[in-house]
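Listing of model.txt, compact mmCIF, N, CA and C atoms
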```txt
# COMPACT_ATOMS: atom_id res chain seq x y z
N GLN A 18 78.26 122.91 102.55
CA GLN A 18 79.08 121.89 101.90
C GLN A 18 80.55 122.19 102.17
N VAL A 19 81.28 121.14 102.53
CA VAL A 19 82.70 121.31 102.81
C VAL A 19 83.46 121.55 101.51
N GLN A 20 84.36 122.52 101.54
CA GLN A 20 85.21 122.79 100.39
C GLN A 20 86.66 122.55 100.78
N LEU A 21 87.40 121.96 99.85
CA LEU A 21 88.81 121.68 100.05
C LEU A 21 89.62 122.52 99.07
N VAL A 22 90.61 123.25 99.58
CA VAL A 22 91.43 124.10 98.74
C VAL A 22 92.90 123.76 98.97
N GLU A 23 93.53 123.19 97.95
CA GLU A 23 94.93 122.80 98.03
C GLU A 23 95.81 123.91 97.48
N SER A 24 97.01 124.05 98.04
CA SER A 24 97.95 125.04 97.56
C SER A 24 99.38 124.60 97.89
N GLY A 25 100.34 125.30 97.31
CA GLY A 25 101.74 125.05 97.63
C GLY A 25 102.53 124.30 96.58
N GLY A 26 101.87 123.87 95.52
CA GLY A 26 102.59 123.15 94.48
C GLY A 26 103.49 124.06 93.67
N GLY A 27 104.24 123.45 92.76
CA GLY A 27 105.12 124.23 91.91
C GLY A 27 106.11 123.35 91.19
N LEU A 28 107.08 124.00 90.57
CA LEU A 28 108.15 123.31 89.85
C LEU A 28 109.39 123.27 90.74
N VAL A 29 109.94 122.09 90.91
CA VAL A 29 111.11 121.94 91.77
C VAL A 29 112.06 120.94 91.12
N GLU A 30 113.34 121.11 91.37
CA GLU A 30 114.34 120.19 90.83
C GLU A 30 114.38 118.91 91.66
N PRO A 31 114.82 117.83 91.07
CA PRO A 31 114.98 116.59 91.85
C PRO A 31 115.84 116.83 93.08
N GLY A 32 115.40 116.26 94.19
CA GLY A 32 116.07 116.47 95.47
C GLY A 32 115.54 117.65 96.26
N GLY A 33 114.69 118.44 95.64
CA GLY A 33 114.14 119.61 96.31
C GLY A 33 112.98 119.28 97.23
N SER A 34 112.40 120.35 97.80
CA SER A 34 111.32 120.20 98.77
C SER A 34 110.16 121.15 98.44
N LEU A 35 108.99 120.74 98.85
CA LEU A 35 107.79 121.57 98.78
C LEU A 35 106.93 121.26 99.99
N ARG A 36 106.12 122.23 100.38
CA ARG A 36 105.15 122.02 101.45
C ARG A 36 103.77 122.37 100.92
N LEU A 37 102.91 121.38 100.89
CA LEU A 37 101.55 121.56 100.44
C LEU A 37 100.63 121.85 101.63
N SER A 38 99.58 122.63 101.37
CA SER A 38 98.58 122.91 102.38
C SER A 38 97.20 122.62 101.81
N CYS A 39 96.30 122.23 102.69
CA CYS A 39 94.91 122.00 102.29
C CYS A 39 94.02 122.59 103.36
N ALA A 40 93.26 123.59 102.99
CA ALA A 40 92.33 124.23 103.91
C ALA A 40 90.92 123.69 103.64
N ALA A 41 90.25 123.31 104.71
CA ALA A 41 88.91 122.76 104.59
C ALA A 41 87.93 123.65 105.33
N SER A 42 86.85 123.99 104.67
CA SER A 42 85.81 124.76 105.34
C SER A 42 84.89 123.79 106.07
N GLY A 43 84.29 124.25 107.14
CA GLY A 43 83.33 123.40 107.82
C GLY A 43 83.92 122.68 109.02
N SER A 44 83.10 122.37 110.01
CA SER A 44 83.55 121.79 111.26
C SER A 44 83.80 120.30 111.16
N ILE A 45 83.46 119.68 110.03
CA ILE A 45 83.61 118.24 109.90
C ILE A 45 85.07 117.83 109.86
N PHE A 46 85.95 118.76 109.53
CA PHE A 46 87.35 118.44 109.31
C PHE A 46 87.98 117.74 110.50
N SER A 47 87.84 118.30 111.71
CA SER A 47 88.57 117.82 112.87
C SER A 47 88.19 116.40 113.27
N ALA A 48 87.03 115.93 112.87
CA ALA A 48 86.56 114.61 113.26
C ALA A 48 87.03 113.51 112.31
N ASN A 49 87.60 113.90 111.19
CA ASN A 49 87.92 112.93 110.15
C ASN A 49 89.40 112.65 110.03
N THR A 50 89.71 111.41 109.63
CA THR A 50 91.04 111.11 109.14
C THR A 50 91.17 111.77 107.78
N MET A 51 92.20 112.60 107.63
CA MET A 51 92.41 113.31 106.38
C MET A 51 93.68 112.81 105.71
N GLY A 52 93.77 113.07 104.44
CA GLY A 52 94.96 112.58 103.76
C GLY A 52 95.19 113.26 102.43
N TRP A 53 96.30 112.87 101.85
CA TRP A 53 96.70 113.36 100.55
C TRP A 53 96.69 112.24 99.52
N TYR A 54 96.28 112.62 98.33
CA TYR A 54 96.26 111.72 97.19
C TYR A 54 97.01 112.42 96.05
N ARG A 55 97.36 111.66 95.03
CA ARG A 55 97.95 112.28 93.85
C ARG A 55 97.55 111.52 92.60
N GLN A 56 97.55 112.25 91.50
CA GLN A 56 97.22 111.65 90.21
C GLN A 56 98.21 112.14 89.18
N ALA A 57 98.98 111.22 88.65
CA ALA A 57 99.93 111.54 87.59
C ALA A 57 99.24 111.40 86.24
N PRO A 58 99.76 112.05 85.22
CA PRO A 58 99.14 111.97 83.89
C PRO A 58 99.00 110.53 83.42
N GLY A 59 97.81 110.17 82.99
CA GLY A 59 97.57 108.84 82.47
C GLY A 59 97.44 107.76 83.52
N LYS A 60 97.45 108.13 84.79
CA LYS A 60 97.37 107.15 85.87
C LYS A 60 96.18 107.42 86.77
N GLN A 61 95.81 106.40 87.54
CA GLN A 61 94.71 106.58 88.48
C GLN A 61 95.19 107.34 89.71
N ARG A 62 94.24 107.96 90.38
CA ARG A 62 94.55 108.65 91.63
C ARG A 62 95.00 107.62 92.66
N GLU A 63 96.04 107.94 93.42
CA GLU A 63 96.56 107.01 94.41
C GLU A 63 96.69 107.71 95.77
N LYS A 64 96.65 106.91 96.82
CA LYS A 64 96.82 107.42 98.16
C LYS A 64 98.29 107.71 98.42
N VAL A 65 98.55 108.78 99.17
CA VAL A 65 99.92 109.18 99.48
C VAL A 65 100.17 109.09 100.98
N ALA A 66 99.33 109.73 101.77
CA ALA A 66 99.54 109.76 103.22
C ALA A 66 98.25 110.13 103.91
N GLY A 67 98.07 109.65 105.15
CA GLY A 67 96.89 109.97 105.93
C GLY A 67 97.25 110.29 107.36
N ILE A 68 96.36 111.03 108.03
CA ILE A 68 96.58 111.37 109.42
C ILE A 68 95.24 111.38 110.14
N THR A 69 95.17 110.69 111.28
CA THR A 69 93.93 110.64 112.04
C THR A 69 93.74 111.95 112.81
N SER A 70 92.56 112.09 113.39
CA SER A 70 92.29 113.30 114.18
C SER A 70 93.24 113.38 115.37
N GLY A 71 93.75 112.25 115.83
CA GLY A 71 94.68 112.23 116.95
C GLY A 71 96.14 112.32 116.56
N GLY A 72 96.41 112.34 115.26
CA GLY A 72 97.78 112.53 114.79
C GLY A 72 98.52 111.28 114.35
N HIS A 73 97.83 110.12 114.34
CA HIS A 73 98.50 108.92 113.85
C HIS A 73 98.60 108.98 112.33
N THR A 74 99.79 108.65 111.81
CA THR A 74 100.04 108.82 110.37
C THR A 74 100.29 107.50 109.67
N SER A 75 100.04 107.49 108.37
CA SER A 75 100.35 106.35 107.51
C SER A 75 100.80 106.88 106.16
N TYR A 76 101.65 106.10 105.48
CA TYR A 76 102.25 106.56 104.23
C TYR A 76 102.29 105.43 103.20
N ALA A 77 102.19 105.83 101.95
CA ALA A 77 102.45 104.88 100.88
C ALA A 77 103.94 104.54 100.90
N ASP A 78 104.26 103.31 100.51
CA ASP A 78 105.66 102.88 100.54
C ASP A 78 106.55 103.79 99.70
N SER A 79 106.03 104.32 98.63
CA SER A 79 106.83 105.13 97.71
C SER A 79 107.27 106.46 98.30
N VAL A 80 106.64 106.90 99.38
CA VAL A 80 106.98 108.21 99.96
C VAL A 80 107.49 108.12 101.38
N LYS A 81 107.50 106.93 101.96
CA LYS A 81 107.97 106.77 103.34
C LYS A 81 109.40 107.28 103.48
N GLY A 82 109.61 108.05 104.55
CA GLY A 82 110.94 108.60 104.80
C GLY A 82 111.22 109.90 104.07
N ARG A 83 110.35 110.25 103.13
CA ARG A 83 110.55 111.50 102.37
C ARG A 83 109.45 112.52 102.63
N PHE A 84 108.22 112.05 102.82
CA PHE A 84 107.07 112.94 103.02
C PHE A 84 106.63 112.87 104.48
N THR A 85 106.12 114.00 104.97
CA THR A 85 105.57 114.05 106.32
C THR A 85 104.23 114.78 106.29
N ILE A 86 103.20 114.11 106.80
CA ILE A 86 101.88 114.71 106.86
C ILE A 86 101.63 115.24 108.27
N SER A 87 100.95 116.37 108.36
CA SER A 87 100.61 116.94 109.65
C SER A 87 99.28 117.68 109.51
N ARG A 88 98.70 118.07 110.64
CA ARG A 88 97.44 118.79 110.58
C ARG A 88 97.35 119.78 111.73
N ASP A 89 96.54 120.80 111.51
CA ASP A 89 96.23 121.80 112.52
C ASP A 89 94.71 121.87 112.58
N ASN A 90 94.11 121.20 113.55
CA ASN A 90 92.66 121.14 113.63
C ASN A 90 92.04 122.51 113.90
N ALA A 91 92.75 123.36 114.61
CA ALA A 91 92.23 124.70 114.90
C ALA A 91 92.09 125.52 113.63
N LYS A 92 92.93 125.21 112.64
CA LYS A 92 92.90 125.95 111.38
C LYS A 92 92.22 125.15 110.27
N ASN A 93 91.73 123.95 110.60
CA ASN A 93 91.11 123.09 109.57
C ASN A 93 92.05 122.91 108.38
N THR A 94 93.29 122.66 108.66
CA THR A 94 94.30 122.57 107.61
C THR A 94 95.15 121.32 107.78
N VAL A 95 95.45 120.68 106.67
CA VAL A 95 96.36 119.54 106.66
C VAL A 95 97.52 119.89 105.73
N TYR A 96 98.70 119.44 106.10
CA TYR A 96 99.92 119.78 105.37
C TYR A 96 100.62 118.52 104.86
N LEU A 97 101.43 118.69 103.84
CA LEU A 97 102.28 117.61 103.37
C LEU A 97 103.66 118.21 103.07
N GLN A 98 104.62 117.89 103.91
CA GLN A 98 106.00 118.29 103.66
C GLN A 98 106.66 117.22 102.80
N MET A 99 107.16 117.63 101.66
CA MET A 99 107.74 116.70 100.70
C MET A 99 109.21 117.03 100.51
N ASN A 100 110.06 116.10 100.89
CA ASN A 100 111.51 116.27 100.74
C ASN A 100 112.06 115.24 99.77
N SER A 101 113.27 115.46 99.32
CA SER A 101 113.94 114.53 98.39
C SER A 101 113.03 114.15 97.23
N LEU A 102 112.42 115.15 96.64
CA LEU A 102 111.47 114.90 95.57
C LEU A 102 112.13 114.26 94.36
N GLU A 103 111.38 113.40 93.71
CA GLU A 103 111.83 112.65 92.54
C GLU A 103 110.90 112.94 91.37
N PRO A 104 111.38 112.78 90.16
CA PRO A 104 110.51 113.01 89.00
C PRO A 104 109.22 112.19 89.06
N GLU A 105 109.28 111.01 89.68
CA GLU A 105 108.11 110.16 89.80
C GLU A 105 107.05 110.75 90.73
N ASP A 106 107.40 111.78 91.48
CA ASP A 106 106.42 112.44 92.35
C ASP A 106 105.59 113.47 91.60
N THR A 107 105.91 113.71 90.35
CA THR A 107 105.15 114.66 89.54
C THR A 107 103.71 114.21 89.40
N ALA A 108 102.79 115.09 89.82
CA ALA A 108 101.36 114.75 89.82
C ALA A 108 100.58 115.96 90.30
N VAL A 109 99.26 115.86 90.17
CA VAL A 109 98.38 116.79 90.85
C VAL A 109 98.04 116.19 92.21
N TYR A 110 98.22 116.96 93.26
CA TYR A 110 98.01 116.49 94.62
C TYR A 110 96.70 117.05 95.17
N TYR A 111 95.94 116.16 95.80
CA TYR A 111 94.64 116.49 96.36
C TYR A 111 94.61 116.06 97.83
N CYS A 112 93.77 116.74 98.60
CA CYS A 112 93.48 116.25 99.94
C CYS A 112 92.02 115.85 100.01
N ASN A 113 91.71 114.98 100.95
CA ASN A 113 90.33 114.54 101.15
C ASN A 113 90.31 113.65 102.38
N VAL A 114 89.14 113.19 102.75
CA VAL A 114 88.99 112.18 103.78
C VAL A 114 89.78 110.94 103.33
N TYR A 115 90.38 110.29 104.32
CA TYR A 115 91.33 109.20 104.00
C TYR A 115 90.92 107.93 104.73
N PRO A 116 91.02 106.74 104.17
CA PRO A 116 91.60 106.44 102.86
C PRO A 116 90.62 106.44 101.70
N VAL A 117 89.39 106.85 101.94
CA VAL A 117 88.43 106.97 100.84
C VAL A 117 87.93 108.40 100.81
N GLY A 118 88.14 109.07 99.72
CA GLY A 118 87.75 110.47 99.61
C GLY A 118 86.25 110.63 99.47
N THR A 119 85.61 111.03 100.56
CA THR A 119 84.15 111.14 100.56
C THR A 119 83.66 112.57 100.39
N MET A 120 84.57 113.53 100.49
CA MET A 120 84.19 114.92 100.25
C MET A 120 84.33 115.24 98.77
N THR A 121 83.71 116.31 98.35
CA THR A 121 83.88 116.76 96.97
C THR A 121 85.35 117.14 96.75
N TRP A 122 85.94 116.63 95.68
CA TRP A 122 87.34 116.88 95.42
C TRP A 122 87.58 118.35 95.06
N GLY A 123 88.68 118.90 95.56
CA GLY A 123 89.08 120.24 95.17
C GLY A 123 89.79 120.21 93.83
N GLN A 124 90.37 121.34 93.45
CA GLN A 124 91.05 121.42 92.15
C GLN A 124 92.45 120.84 92.20
N GLY A 125 92.99 120.62 93.38
CA GLY A 125 94.32 120.08 93.51
C GLY A 125 95.40 121.12 93.27
N THR A 126 96.63 120.70 93.50
CA THR A 126 97.78 121.58 93.26
C THR A 126 98.84 120.77 92.51
N GLN A 127 99.37 121.37 91.45
CA GLN A 127 100.30 120.67 90.58
C GLN A 127 101.71 120.69 91.17
N VAL A 128 102.32 119.52 91.23
CA VAL A 128 103.71 119.39 91.63
C VAL A 128 104.48 118.81 90.44
N THR A 129 105.49 119.51 90.01
CA THR A 129 106.32 119.05 88.90
C THR A 129 107.77 118.99 89.37
N VAL A 130 108.36 117.82 89.25
CA VAL A 130 109.76 117.62 89.64
C VAL A 130 110.57 117.37 88.38
N SER A 131 111.39 118.34 88.05
CA SER A 131 112.14 118.25 86.79
C SER A 131 113.36 119.15 86.85
N SER A 132 114.40 118.72 86.17
CA SER A 132 115.60 119.56 86.08
C SER A 132 115.57 120.39 84.80
```
Please render this file's structure as structure tokens.
Amino acid sequence: QVQLVESGGGLVEPGGSLRLSCAASGSIFSANTMGWYRQAPGKQREKVAGITSGGHTSYADSVKGRFTISRDNAKNTVYLQMNSLEPEDTAVYYCNVYPVGTMTWGQGTQVTVSS
């Protein structure tokens, strides 16, 4: 069974940056479009960014120009570089198959943007 392990979250001030990582076990990773999702308190999980196996990317309007998704197929890892963070970006961030998460969800990584 594929496992997803997210890391890199933390507390950052508005305008700051974080880089999230998601390591996936299993060979299925490289064949799939992968992506990041987030869930803020009291809200539904939403899509943030996706990247195909060939490197084509897509972003939610709310993060365009601020977030960059990338992947390393050799390491079965997908990354999310987050710049110019805003309090509205506060959420638990998850990775999964994109745009529909078909793998078992990991525990996520908490991102808190606050002064």
- Students should find that CA of Gly26 in chain A and atom C of Lys64 in chain A are spaced 16.5 Å
- For each of A:Ala66, A:Tyr111, A:Ser101, A:Pro58, take the minimum atom-to-atom distance to Gly123 in chain A, counting all atoms listed in the file, then give the residue where this is smallest.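 Ranking A:Ala66, A:Tyr111, A:Ser101, A:Pro58 by distance to Gly123 in chain A, first place goes to A:Tyr111.
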- Message: At a cut-off of 9 Å around the point (98.1, 109.2, 108.2) (file coordinates), what residues fall inside when counting only C-alpha atoms? I'd like the answer as JSON, numbers by chain.
- Response: {"A": [50, 51, 52, 53, 65, 66, 67, 68, 69, 72, 73, 74, 75, 76, 86, 87, 115, 116]}
- If we count only C-alpha atoms, what is near Cys112 in chain A at a cut-off of 10 Å, once residues fewer than 6 positions away on the same chain are taken out, given as a PyMOL selection string? chain A and resi 21-23+37-41+51-55+64-67+94-97+118+120+122-126
- Write out as a PyMOL selection string each polymer residue whose atoms come within 6.5 Å of Glu30 in chain A, counting all atoms listed in the file; drop sequence neighbours fewer than 5 positions from it. chain A and resi 102+129-132
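Here the helix (DSSP H, G or I) residues in range 22-130 of chain A, by DSSP on the backbone, are Phe46, Ser47, Ala48, Asn90, Ala91, Lys92, Pro104, Glu105 and Asp106 of chain A.
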- Task: Could you tell me how far atom N of Gln56 in chain A lies from atom C of Pro104 in chain A, in Å and to one decimal?
- Result: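 Computed distance, atom N of Gln56 in chain A to atom C of Pro104 in chain A, equals 11.9 Å.
By chain and then residue number, the residues within 8 Å of Ser47 in chain A are Gly43, Met51, Thr69, Ser70, Gly71, Asp89, Asn90, Ala91, Asn93 and Thr94 of chain A, counting all atoms listed in the file and disregarding those fewer than 4 positions away in sequence.
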Could you model N, CA, C and O atoms for range 87-104 of chain A and present them as a compact mmCIF listing (two decimals), in the coordinates of the input?
```txt
# COMPACT_ATOMS: atom_id res chain seq x y z
N SER A 87 100.95 116.37 108.36
CA SER A 87 100.61 116.94 109.65
C SER A 87 99.28 117.68 109.51
O SER A 87 98.79 117.90 108.39
N ARG A 88 98.70 118.07 110.64
CA ARG A 88 97.44 118.79 110.58
C ARG A 88 97.35 119.78 111.73
O ARG A 88 97.96 119.59 112.78
N ASP A 89 96.54 120.80 111.51
CA ASP A 89 96.23 121.80 112.52
C ASP A 89 94.71 121.87 112.58
O ASP A 89 94.08 122.53 111.75
N ASN A 90 94.11 121.20 113.55
CA ASN A 90 92.66 121.14 113.63
C ASN A 90 92.04 122.51 113.90
O ASN A 90 90.92 122.79 113.46
N ALA A 91 92.75 123.36 114.61
CA ALA A 91 92.23 124.70 114.90
C ALA A 91 92.09 125.52 113.63
O ALA A 91 91.24 126.41 113.54
N LYS A 92 92.93 125.21 112.64
CA LYS A 92 92.90 125.95 111.38
C LYS A 92 92.22 125.15 110.27
O LYS A 92 92.18 125.60 109.12
N ASN A 93 91.73 123.95 110.60
CA ASN A 93 91.11 123.09 109.57
C ASN A 93 92.05 122.91 108.38
O ASN A 93 91.62 123.01 107.22
N THR A 94 93.29 122.66 108.66
CA THR A 94 94.30 122.57 107.61
C THR A 94 95.15 121.32 107.78
O THR A 94 95.51 120.97 108.91
N VAL A 95 95.45 120.68 106.67
CA VAL A 95 96.36 119.54 106.66
C VAL A 95 97.52 119.89 105.73
O VAL A 95 97.34 120.56 104.72
N TYR A 96 98.70 119.44 106.10
CA TYR A 96 99.92 119.78 105.37
C TYR A 96 100.62 118.52 104.86
O TYR A 96 100.44 117.43 105.42
N LEU A 97 101.43 118.69 103.84
CA LEU A 97 102.28 117.61 103.37
C LEU A 97 103.66 118.21 103.07
O LEU A 97 103.81 118.97 102.10
N GLN A 98 104.62 117.89 103.91
CA GLN A 98 106.00 118.29 103.66
C GLN A 98 106.66 117.22 102.80
O GLN A 98 106.71 116.06 103.19
N MET A 99 107.16 117.63 101.66
CA MET A 99 107.74 116.70 100.70
C MET A 99 109.21 117.03 100.51
O MET A 99 109.55 118.13 100.05
N ASN A 100 110.06 116.10 100.89
CA ASN A 100 111.51 116.27 100.74
C ASN A 100 112.06 115.24 99.77
O ASN A 100 111.40 114.25 99.45
N SER A 101 113.27 115.46 99.32
CA SER A 101 113.94 114.53 98.39
C SER A 101 113.03 114.15 97.23
O SER A 101 112.88 112.98 96.89
N LEU A 102 112.42 115.15 96.64
CA LEU A 102 111.47 114.90 95.57
C LEU A 102 112.13 114.26 94.36
O LEU A 102 113.29 114.56 94.01
N GLU A 103 111.38 113.40 93.71
CA GLU A 103 111.83 112.65 92.54
C GLU A 103 110.90 112.94 91.37
O GLU A 103 109.74 113.31 91.57
N PRO A 104 111.38 112.78 90.16
CA PRO A 104 110.51 113.01 89.00
C PRO A 104 109.22 112.19 89.06
O PRO A 104 108.18 112.65 88.58
```
